[in-house]
file data07.json (JSON, C-alpha atoms)
[["chain", "number", "residue", "atom", "x", "y", "z"],
["A", 1, "ARG", "CA", -8.91, 6.47, -1.81],
["A", 2, "ILE", "CA", -9.61, 3.50, 0.41],
["A", 3, "VAL", "CA", -8.25, 3.77, 3.93],
["A", 4, "LEU", "CA", -8.08, 0.84, 6.31],
["A", 5, "VAL", "CA", -8.99, 1.57, 9.91],
["A", 6, "THR", "CA", -8.13, -1.08, 12.47],
["A", 7, "ARG", "CA", -9.13, -1.37, 16.11],
["A", 8, "LYS", "CA", -7.97, -3.92, 18.65],
["A", 9, "CYS", "CA", -10.20, -6.96, 18.98],
["A", 10, "GLU", "CA", -9.31, -7.20, 22.69],
["A", 11, "GLY", "CA", -9.54, -10.97, 22.54],
["A", 12, "LYS", "CA", -13.27, -11.08, 21.86],
["A", 13, "ARG", "CA", -14.06, -14.12, 19.76],
["A", 14, "LYS", "CA", -16.99, -12.45, 18.04],
["A", 15, "LYS", "CA", -14.84, -9.67, 16.62],
["A", 16, "GLN", "CA", -12.15, -12.10, 15.56],
["A", 17, "HIS", "CA", -14.78, -14.21, 13.83],
["A", 18, "GLU", "CA", -16.09, -11.14, 11.97],
["A", 19, "ARG", "CA", -12.61, -10.22, 10.76],
["A", 20, "ARG", "CA", -11.99, -13.72, 9.44],
["A", 21, "ASN", "CA", -15.31, -13.74, 7.63],
["A", 22, "LEU", "CA", -14.67, -10.38, 6.00],
["A", 23, "ALA", "CA", -11.21, -11.45, 4.86],
["A", 24, "ALA", "CA", -12.61, -14.69, 3.46],
["A", 25, "ALA", "CA", -15.24, -12.73, 1.56],
["A", 26, "ALA", "CA", -12.57, -10.48, 0.10],
["A", 27, "ALA", "CA", -10.71, -13.49, -1.23],
["A", 28, "THR", "CA", -13.69, -15.09, -2.92],
["A", 29, "THR", "CA", -15.71, -12.32, -4.57],
["A", 30, "THR", "CA", -15.29, -9.54, -7.12],
["A", 31, "THR", "CA", -18.45, -7.67, -6.06],
["A", 32, "THR", "CA", -18.08, -4.67, -3.76],
["A", 33, "THR", "CA", -20.93, -2.89, -1.94],
["A", 34, "CYS", "CA", -20.72, 0.54, -0.31],
["A", 35, "VAL", "CA", -23.23, 1.91, 2.22],
["A", 36, "ARG", "CA", -23.30, 4.67, 4.83],
["A", 37, "THR", "CA", -23.46, 3.59, 8.46],
["A", 38, "LYS", "CA", -22.11, 4.36, 11.92],
["A", 39, "VAL", "CA", -21.61, 2.74, 15.30],
["A", 40, "GLY", "CA", -22.99, 4.71, 18.24],
["A", 41, "SER", "CA", -25.45, 7.60, 18.27],
["A", 42, "LYS", "CA", -22.72, 10.25, 18.31],
["A", 43, "ALA", "CA", -20.34, 8.59, 15.86],
["A", 44, "ARG", "CA", -19.79, 10.11, 12.45],
["A", 45, "ASN", "CA", -21.10, 8.40, 9.34],
["A", 46, "HIS", "CA", -18.73, 6.24, 7.32],
["A", 47, "LEU", "CA", -19.03, 5.17, 3.73],
["A", 48, "VAL", "CA", -18.14, 1.53, 4.25],
["A", 49, "CYS", "CA", -17.13, -0.65, 1.33],
["A", 50, "PHE", "CA", -16.81, -4.39, 1.63],
["A", 51, "PRO", "CA", -16.64, -7.39, -0.68],
["A", 52, "GLY", "CA", -20.03, -8.93, -1.33],
["A", 53, "PRO", "CA", -23.52, -8.31, -2.76],
["A", 54, "SER", "CA", -25.95, -5.62, -1.61],
["A", 55, "ARG", "CA", -28.29, -7.94, 0.31],
["A", 56, "GLY", "CA", -28.02, -7.14, 4.02],
["A", 57, "ALA", "CA", -25.48, -4.42, 3.24],
["A", 58, "LYS", "CA", -26.40, -2.13, 6.13],
["A", 59, "SER", "CA", -26.06, -4.90, 8.68],
["A", 60, "LEU", "CA", -22.77, -6.15, 7.22],
["A", 61, "ALA", "CA", -21.29, -2.65, 7.11],
["A", 62, "THR", "CA", -22.17, -2.01, 10.75],
["A", 63, "ARG", "CA", -20.66, -5.36, 11.72],
["A", 64, "ALA", "CA", -17.49, -4.41, 9.83],
["A", 65, "LEU", "CA", -17.20, -1.19, 11.82],
["A", 66, "ARG", "CA", -17.65, -3.04, 15.09],
["A", 67, "ALA", "CA", -15.18, -5.73, 14.04],
["A", 68, "GLY", "CA", -12.58, -3.06, 13.41],
["A", 69, "THR", "CA", -11.93, -3.82, 9.75],
["A", 70, "VAL", "CA", -13.30, -0.99, 7.66],
["A", 71, "CYS", "CA", -12.65, 0.42, 4.22],
["A", 72, "LEU", "CA", -13.45, 4.12, 4.13],
["A", 73, "PHE", "CA", -14.00, 4.62, 0.43],
["A", 74, "GLY", "CA", -12.96, 7.93, -1.06],
["A", 75, "PHE", "CA", -11.26, 8.21, -4.41],
["A", 76, "GLY", "CA", -8.91, 6.09, -6.46],
["A", 77, "GLY", "CA", -9.92, 3.75, -9.22],
["A", 78, "LYS", "CA", -12.90, 1.45, -9.43],
["A", 79, "ALA", "CA", -13.46, -1.11, -6.73],
["A", 80, "ASN", "CA", -14.31, -3.81, -9.25],
["A", 81, "ALA", "CA", -11.44, -3.11, -11.66],
["A", 82, "ALA", "CA", -9.63, -6.44, -11.83],
["A", 83, "LYS", "CA", -6.92, -5.91, -14.46],
["A", 84, "MET", "CA", -3.57, -6.15, -12.76],
["A", 85, "GLY", "CA", -0.43, -4.31, -13.72],
["A", 86, "SER", "CA", 2.36, -5.99, -15.69],
["A", 87, "TRP", "CA", 5.64, -6.62, -13.86],
["A", 88, "PRO", "CA", 8.58, -7.21, -13.98],
["A", 89, "PRO", "CA", 9.76, -5.49, -17.18],
["A", 90, "GLU", "CA", 10.61, -7.81, -20.03],
["A", 91, "ASP", "CA", 14.30, -8.48, -20.64],
["A", 92, "ASN", "CA", 15.31, -6.57, -17.50],
["A", 93, "THR", "CA", 18.98, -6.80, -16.56],
["A", 94, "LEU", "CA", 19.02, -4.16, -13.81],
["A", 95, "PRO", "CA", 18.79, -4.77, -10.06],
["A", 96, "PHE", "CA", 15.55, -4.35, -8.13],
["A", 97, "ALA", "CA", 14.81, -2.21, -5.09],
["A", 98, "THR", "CA", 11.58, -2.36, -3.07],
["A", 99, "PHE", "CA", 10.26, 0.16, -0.55],
["A", 100, "ALA", "CA", 7.05, 0.66, 1.42],
["A", 101, "ALA", "CA", 6.32, 4.10, 2.85],
["A", 102, "GLY", "CA", 2.56, 4.55, 3.10],
["A", 103, "CYS", "CA", 0.22, 5.16, 0.18],
["A", 104, "PHE", "CA", 2.10, 3.88, -2.84],
["A", 105, "TRP", "CA", 0.88, 6.59, -5.25],
["A", 106, "GLY", "CA", 3.10, 9.34, -3.87],
["A", 107, "VAL", "CA", 5.97, 6.98, -3.12],
["A", 108, "GLU", "CA", 6.06, 5.83, -6.72],
["A", 109, "LEU", "CA", 6.10, 9.36, -8.13],
["A", 110, "ARG", "CA", 8.94, 10.33, -5.79],
["A", 111, "PHE", "CA", 11.08, 7.49, -7.14],
["A", 112, "GLN", "CA", 10.00, 8.05, -10.75],
["A", 113, "ARG", "CA", 11.69, 11.44, -10.53],
["A", 114, "ILE", "CA", 15.06, 10.01, -9.47],
["A", 115, "ASN", "CA", 17.80, 9.82, -12.08],
["A", 116, "GLY", "CA", 18.85, 6.21, -12.52],
["A", 117, "VAL", "CA", 15.46, 4.73, -11.63],
["A", 118, "GLU", "CA", 14.40, 3.07, -14.86],
["A", 119, "LYS", "CA", 11.03, 1.43, -14.24],
["A", 120, "THR", "CA", 8.59, 1.43, -11.33],
["A", 121, "ALA", "CA", 5.46, -0.47, -10.29],
["A", 122, "VAL", "CA", 3.19, -0.30, -7.28],
["A", 123, "GLY", "CA", 1.97, -3.49, -5.69],
["A", 124, "TYR", "CA", 1.66, -5.69, -2.64],
["A", 125, "ILE", "CA", 4.42, -7.53, -0.79],
["A", 126, "GLN", "CA", 5.20, -9.52, 2.39],
["A", 127, "GLY", "CA", 1.75, -11.10, 2.64],
["A", 128, "GLN", "CA", 0.38, -14.60, 3.09],
["A", 129, "VAL", "CA", -2.06, -14.73, 0.15],
["A", 130, "ASP", "CA", -1.27, -15.26, -3.54],
["A", 131, "ASN", "CA", -2.64, -12.93, -6.20],
["A", 132, "PRO", "CA", -4.02, -10.35, -3.76],
["A", 133, "THR", "CA", -6.39, -7.60, -4.88],
["A", 134, "TYR", "CA", -6.88, -4.16, -3.38],
["A", 135, "GLU", "CA", -10.10, -5.29, -1.71],
["A", 136, "MET", "CA", -8.22, -8.16, -0.09],
["A", 137, "ILE", "CA", -5.47, -5.82, 1.11],
["A", 138, "CYS", "CA", -8.13, -3.55, 2.58],
["A", 139, "SER", "CA", -9.40, -6.38, 4.76],
["A", 140, "GLY", "CA", -6.22, -6.07, 6.80],
["A", 141, "MET", "CA", -5.92, -9.84, 6.99],
["A", 142, "THR", "CA", -3.52, -10.74, 4.17],
["A", 143, "GLY", "CA", -0.39, -9.27, 5.76],
["A", 144, "HIS", "CA", 0.66, -7.34, 2.65],
["A", 145, "THR", "CA", 1.92, -3.79, 2.56],
["A", 146, "GLU", "CA", 1.60, -1.28, -0.27],
["A", 147, "ALA", "CA", 5.01, -1.06, -1.89],
["A", 148, "VAL", "CA", 6.91, 0.31, -4.85],
["A", 149, "GLN", "CA", 9.33, -1.92, -6.71],
["A", 150, "MET", "CA", 11.75, -0.45, -9.21],
["A", 151, "THR", "CA", 14.67, -1.27, -11.44],
["A", 152, "TYR", "CA", 17.63, 1.07, -11.20],
["A", 153, "ASP", "CA", 21.00, 1.65, -12.82],
["A", 154, "PRO", "CA", 23.67, 1.47, -10.07],
["A", 155, "LYS", "CA", 26.04, 3.41, -12.34],
["A", 156, "VAL", "CA", 23.70, 6.39, -11.98],
["A", 157, "VAL", "CA", 22.11, 5.99, -8.56],
["A", 158, "SER", "CA", 23.22, 3.82, -5.66],
["A", 159, "PHE", "CA", 21.04, 1.82, -3.29],
["A", 160, "GLU", "CA", 22.30, 4.08, -0.50],
["A", 161, "GLU", "CA", 20.89, 7.07, -2.36],
["A", 162, "LEU", "CA", 17.57, 5.30, -2.92],
["A", 163, "CYS", "CA", 17.37, 4.69, 0.84],
["A", 164, "ASP", "CA", 17.96, 8.40, 1.41],
["A", 165, "VAL", "CA", 15.05, 9.21, -0.91],
["A", 166, "PHE", "CA", 12.94, 6.68, 0.96],
["A", 167, "TYR", "CA", 13.64, 8.12, 4.42],
["A", 168, "GLY", "CA", 13.36, 11.67, 3.17],
["A", 169, "GLY", "CA", 9.85, 11.07, 1.84],
["A", 170, "HIS", "CA", 7.95, 9.66, 4.83],
["A", 171, "ASN", "CA", 7.78, 9.46, 8.61],
["A", 172, "ALA", "CA", 9.66, 6.28, 9.43],
["A", 173, "THR", "CA", 8.83, 6.60, 13.13],
["A", 174, "GLN", "CA", 5.07, 6.16, 12.60],
["A", 175, "LEU", "CA", 4.03, 2.54, 13.17],
["A", 176, "ASN", "CA", 1.54, 0.99, 10.73],
["A", 177, "ALA", "CA", 0.44, 4.36, 9.41],
["A", 178, "GLN", "CA", 1.42, 7.38, 7.38],
["A", 179, "GLY", "CA", -0.47, 10.55, 8.20],
["A", 180, "ASN", "CA", -4.19, 9.81, 8.16],
["A", 181, "ASP", "CA", -3.69, 6.48, 6.38],
["A", 182, "VAL", "CA", -3.85, 3.89, 9.14],
["A", 183, "GLY", "CA", -3.30, 0.15, 8.83],
["A", 184, "THR", "CA", -0.56, -2.44, 8.47],
["A", 185, "GLN", "CA", -0.60, -2.00, 4.69],
["A", 186, "TYR", "CA", 0.85, 1.48, 5.25],
["A", 187, "ARG", "CA", 3.86, 0.32, 7.28],
["A", 188, "SER", "CA", 7.40, 1.45, 6.59],
["A", 189, "GLY", "CA", 9.60, -1.21, 5.02],
["A", 190, "ILE", "CA", 12.72, -1.91, 3.00],
["A", 191, "TYR", "CA", 12.65, -5.30, 1.29],
["A", 192, "TYR", "CA", 16.11, -6.28, 0.18],
["A", 193, "HIS", "CA", 17.08, -8.39, -2.82],
["A", 194, "THR", "CA", 20.72, -8.98, -1.91],
["A", 195, "GLU", "CA", 22.78, -9.25, 1.25],
["A", 196, "GLU", "CA", 24.49, -6.00, 0.29],
["A", 197, "GLN", "CA", 21.12, -4.24, 0.18],
["A", 198, "LYS", "CA", 20.30, -5.71, 3.60],
["A", 199, "LYS", "CA", 23.51, -4.34, 5.08],
["A", 200, "ILE", "CA", 22.91, -0.89, 3.64],
["A", 201, "ALA", "CA", 19.26, -0.87, 4.73],
["A", 202, "GLU", "CA", 20.19, -1.70, 8.32],
["A", 203, "GLU", "CA", 22.87, 0.99, 8.36],
["A", 204, "LYS", "CA", 20.47, 3.60, 7.01],
["A", 205, "LYS", "CA", 17.76, 2.67, 9.51],
["A", 206, "GLY", "CA", 20.30, 3.07, 12.32],
["A", 207, "GLN", "CA", 20.80, 6.68, 11.25],
["A", 208, "VAL", "CA", 17.11, 7.56, 11.74],
["A", 209, "ALA", "CA", 16.19, 8.00, 15.40],
["A", 210, "GLY", "CA", 13.09, 6.05, 16.35],
["A", 211, "ALA", "CA", 12.65, 4.40, 12.94],
["A", 212, "VAL", "CA", 10.22, 1.47, 12.94],
["A", 213, "THR", "CA", 11.03, 0.46, 9.36],
["A", 214, "GLU", "CA", 10.91, -3.30, 8.89],
["A", 215, "ILE", "CA", 13.82, -4.76, 6.96],
["A", 216, "GLN", "CA", 13.13, -8.13, 5.41],
["A", 217, "ALA", "CA", 14.11, -10.21, 2.40],
["A", 218, "ALA", "CA", 11.74, -9.34, -0.44],
["A", 219, "ASP", "CA", 8.94, -11.85, -0.79],
["A", 220, "THR", "CA", 6.82, -12.21, -3.93],
["A", 221, "PHE", "CA", 5.84, -8.80, -5.27],
["A", 222, "TRP", "CA", 2.33, -8.77, -6.71],
["A", 223, "PRO", "CA", 1.73, -5.80, -9.04],
["A", 224, "ALA", "CA", -1.38, -3.82, -8.11],
["A", 225, "GLU", "CA", -4.34, -3.15, -10.37],
["A", 226, "GLU", "CA", -3.53, -1.24, -13.55],
["A", 227, "TYR", "CA", -5.39, 1.88, -12.42],
["A", 228, "HIS", "CA", -2.94, 2.24, -9.52],
["A", 229, "GLN", "CA", 0.14, 2.21, -11.77],
["A", 230, "GLN", "CA", 1.75, 5.66, -12.24],
["A", 231, "TYR", "CA", -1.50, 6.99, -10.79],
["A", 232, "LEU", "CA", -0.38, 10.54, -10.01],
["A", 233, "GLU", "CA", 1.50, 10.96, -13.27],
["A", 234, "LYS", "CA", -1.63, 9.93, -15.16],
["A", 235, "GLY", "CA", -3.78, 12.48, -13.40],
["A", 236, "GLY", "CA", -4.79, 11.21, -9.99],
["A", 237, "ARG", "CA", -8.32, 11.64, -8.72],
["A", 238, "PHE", "CA", -8.73, 15.14, -10.15],
["A", 239, "GLY", "CA", -7.36, 14.45, -13.63],
["A", 240, "SER", "CA", -4.41, 16.78, -13.12],
["A", 241, "GLY", "CA", -1.21, 14.90, -13.89],
["A", 242, "GLN", "CA", 1.93, 15.52, -11.88],
["A", 243, "SER", "CA", 5.35, 15.57, -13.47],
["A", 244, "ALA", "CA", 7.46, 12.44, -13.31],
["A", 245, "ALA", "CA", 10.35, 14.14, -15.08],
["A", 246, "LYS", "CA", 13.79, 13.27, -13.76],
["A", 247, "GLY", "CA", 14.97, 15.84, -11.25],
["A", 248, "CYS", "CA", 11.52, 17.42, -10.83],
["A", 249, "THR", "CA", 11.13, 19.01, -7.37],
["A", 250, "ASP", "CA", 7.44, 20.01, -7.58],
["A", 251, "LYS", "CA", 5.54, 19.26, -4.40],
["A", 252, "ILE", "CA", 3.78, 15.90, -4.63],
["A", 253, "ARG", "CA", 0.04, 15.99, -4.07],
["A", 254, "CYS", "CA", -0.33, 12.57, -2.50],
["A", 255, "TYR", "CA", -3.91, 11.93, -3.63],
["A", 256, "GLY", "CA", -3.90, 13.81, -6.90]]
call {"tool": "encode", "arguments": {"input": "data07.json", "output": "structure tokens"}}
result
Amino acid sequence: RIVLVTRKCEGKRKKQHERRNLAAAAATTTTTTCVRTKVGSKARNHLVCFPGPSRGAKSLATRALRAGTVCLFGFGGKANAAKMGSWPPEDNTLPFATFAAGCFWGVELRFQRINGVEKTAVGYIQGQVDNPTYEMICSGMTGHTEAVQMTYDPKVVSFEELCDVFYGGHNATQLNAQGNDVGTQYRSGIYYHTEEQKKIAEEKKGQVAGAVTEIQAADTFWPAEEYHQQYLEKGGRFGSGQSAAKGCTDKIRCYG
């Protein structure tokens, strides 16, 4: 799993320059290098992954840590896998719903299990860059958040009920993070497709004390890489698939 860690630049031009350079690199290369490094004699080692070739990797990784834009590479797909998921479903006639609630693997499985949810996809939304990749999202500079978009049958499940599933499955009071996953791509959000959805989303947010969920009109949804799609159902990082059966109440293991 890749986790984005961000630190405040505190107005220092050097750090801002580093962040821009790293984001630019993410947008223009398919090569990813990972090295171990740390900042400070007492700091713990990080396995830092960044877009670019291996030349000067140690120096670049240390600069990334100091700049405050770091990918801590754990498990979850191959960094260079470029095949993107297919979305939306062909010949779809059902309405869409889009939610962001932290790591999209567990969020997707939670909605897969809901009666009336027909199709789901994980991807990136509300950003400023077209055709984003996971490496680009990890730079923290594209503005996207990890999200799950779905089609649903309103005769079986209402948008109000989907919002209840959404709020019941994450901490909506945690800003730009969920648990140990920290970064703007893990923010809480409901992205509406109709004015009726907007009204319902605002009402539901008002019922959750301290909620920081952003409610915005859904922008372009870019499906994530194929290896992210239905990730936990397919086996997750340990090759042990979790049930996506409708009505299943098994505890979701967020990272597999």
call {"tool": "atom_distance", "arguments": {"input": "data07.json", "atom1": "CA of Ala211 in chain A", "atom2": "CA of Gln174 in chain A"}}
result
7.8 Å
call {"tool": "closest_residue", "arguments": {"input": "data07.json", "among": "A:Val157, A:Ile125, A:Leu175, A:Val148", "to": "Arg110 in chain A", "atoms": "all atoms listed in the file"}}
result
A:Val148
call {"tool": "closest_residue", "arguments": {"input": "data07.json", "among": "A:Thr249, A:Thr194, A:Gln185, A:Thr173", "to": "Tyr134 in chain A", "atoms": "only C-alpha atoms"}}
result
A:Gln185
call {"tool": "residues_around", "arguments": {"input": "data07.json", "residues": "Lys119 in chain A", "least_positions_apart": "4", "cutoff": "12 Å", "atoms": "only C-alpha atoms", "output": "list of chain:residue names"}}
result
A:Ser86, A:Trp87, A:Pro88, A:Pro89, A:Glu90, A:Asn92, A:Thr93, A:Leu94, A:Pro95, A:Phe96, A:Ala97, A:Thr98, A:Glu108, A:Leu109, A:Phe111, A:Gln112, A:Arg113, A:Ile114, A:Asn115, A:Val148, A:Gln149, A:Met150, A:Thr151, A:Tyr152, A:Asp153, A:Gln229, A:Gln230, A:Ala244
call {"tool": "atom_distance", "arguments": {"input": "data07.json", "atom1": "CA of Phe104 in chain A", "atom2": "CA of Tyr192 in chain A"}}
result
17.6 Å
call {"tool": "closest_residue", "arguments": {"input": "data07.json", "among": "A:Gly183, A:Gly236, A:Gly168, A:Gly123", "to": "Gly85 in chain A", "atoms": "all atoms listed in the file"}}
result
A:Gly123
call {"tool": "residues_near_point", "arguments": {"input": "data07.json", "point": "(17.9, -2.7, -3.0)", "cutoff": "9 Å", "atoms": "all atoms listed in the file", "output": "list in words"}}
result
Pro95, Phe96, Ala97, Thr98, Phe99, Ser158, Phe159, Glu160, Leu162, Cys163, Ile190, Tyr191, Tyr192, His193, Thr194, Glu196, Gln197, Lys198, Ile200 and Ala201 of chain A
call {"tool": "write_last_selection", "arguments": {"input": "data07.json", "atoms": "C-alpha atoms", "output": "PDB file, in the coordinates of the input"}}
result
ATOM      1  CA  PRO A  95      18.790  -4.770 -10.060  1.00  0.00           C
ATOM      2  CA  PHE A  96      15.550  -4.350  -8.130  1.00  0.00           C
ATOM      3  CA  ALA A  97      14.810  -2.210  -5.090  1.00  0.00           C
ATOM      4  CA  THR A  98      11.580  -2.360  -3.070  1.00  0.00           C
ATOM      5  CA  PHE A  99      10.260   0.160  -0.550  1.00  0.00           C
ATOM      6  CA  SER A 158      23.220   3.820  -5.660  1.00  0.00           C
ATOM      7  CA  PHE A 159      21.040   1.820  -3.290  1.00  0.00           C
ATOM      8  CA  GLU A 160      22.300   4.080  -0.500  1.00  0.00           C
ATOM      9  CA  LEU A 162      17.570   5.300  -2.920  1.00  0.00           C
ATOM     10  CA  CYS A 163      17.370   4.690   0.840  1.00  0.00           C
ATOM     11  CA  ILE A 190      12.720  -1.910   3.000  1.00  0.00           C
ATOM     12  CA  TYR A 191      12.650  -5.300   1.290  1.00  0.00           C
ATOM     13  CA  TYR A 192      16.110  -6.280   0.180  1.00  0.00           C
ATOM     14  CA  HIS A 193      17.080  -8.390  -2.820  1.00  0.00           C
ATOM     15  CA  THR A 194      20.720  -8.980  -1.910  1.00  0.00           C
ATOM     16  CA  GLU A 196      24.490  -6.000   0.290  1.00  0.00           C
ATOM     17  CA  GLN A 197      21.120  -4.240   0.180  1.00  0.00           C
ATOM     18  CA  LYS A 198      20.300  -5.710   3.600  1.00  0.00           C
ATOM     19  CA  ILE A 200      22.910  -0.890   3.640  1.00  0.00           C
ATOM     20  CA  ALA A 201      19.260  -0.870   4.730  1.00  0.00           C
TER      21      ALA A 201
END
call {"tool": "atom_distance", "arguments": {"input": "data07.json", "atom1": "CA of Gly106 in chain A", "atom2": "CA of Ile215 in chain A"}}
result
20.8 Å
call {"tool": "residues_near_point", "arguments": {"input": "data07.json", "point": "(4.3, 4.1, 3.7)", "cutoff": "9 Å", "atoms": "all atoms listed in the file", "output": "number ranges by chain"}}
result
A: 99-104, 107, 145-147, 170-172, 176-178, 181, 185-189
call {"tool": "write_last_selection", "arguments": {"input": "data07.json", "atoms": "C-alpha atoms", "output": "PDB file, in the frame of the given file"}}
result
ATOM      1  CA  PHE A  99      10.260   0.160  -0.550  1.00  0.00           C
ATOM      2  CA  ALA A 100       7.050   0.660   1.420  1.00  0.00           C
ATOM      3  CA  ALA A 101       6.320   4.100   2.850  1.00  0.00           C
ATOM      4  CA  GLY A 102       2.560   4.550   3.100  1.00  0.00           C
ATOM      5  CA  CYS A 103       0.220   5.160   0.180  1.00  0.00           C
ATOM      6  CA  PHE A 104       2.100   3.880  -2.840  1.00  0.00           C
ATOM      7  CA  VAL A 107       5.970   6.980  -3.120  1.00  0.00           C
ATOM      8  CA  THR A 145       1.920  -3.790   2.560  1.00  0.00           C
ATOM      9  CA  GLU A 146       1.600  -1.280  -0.270  1.00  0.00           C
ATOM     10  CA  ALA A 147       5.010  -1.060  -1.890  1.00  0.00           C
ATOM     11  CA  HIS A 170       7.950   9.660   4.830  1.00  0.00           C
ATOM     12  CA  ASN A 171       7.780   9.460   8.610  1.00  0.00           C
ATOM     13  CA  ALA A 172       9.660   6.280   9.430  1.00  0.00           C
ATOM     14  CA  ASN A 176       1.540   0.990  10.730  1.00  0.00           C
ATOM     15  CA  ALA A 177       0.440   4.360   9.410  1.00  0.00           C
ATOM     16  CA  GLN A 178       1.420   7.380   7.380  1.00  0.00           C
ATOM     17  CA  ASP A 181      -3.690   6.480   6.380  1.00  0.00           C
ATOM     18  CA  GLN A 185      -0.600  -2.000   4.690  1.00  0.00           C
ATOM     19  CA  TYR A 186       0.850   1.480   5.250  1.00  0.00           C
ATOM     20  CA  ARG A 187       3.860   0.320   7.280  1.00  0.00           C
ATOM     21  CA  SER A 188       7.400   1.450   6.590  1.00  0.00           C
ATOM     22  CA  GLY A 189       9.600  -1.210   5.020  1.00  0.00           C
TER      23      GLY A 189
END
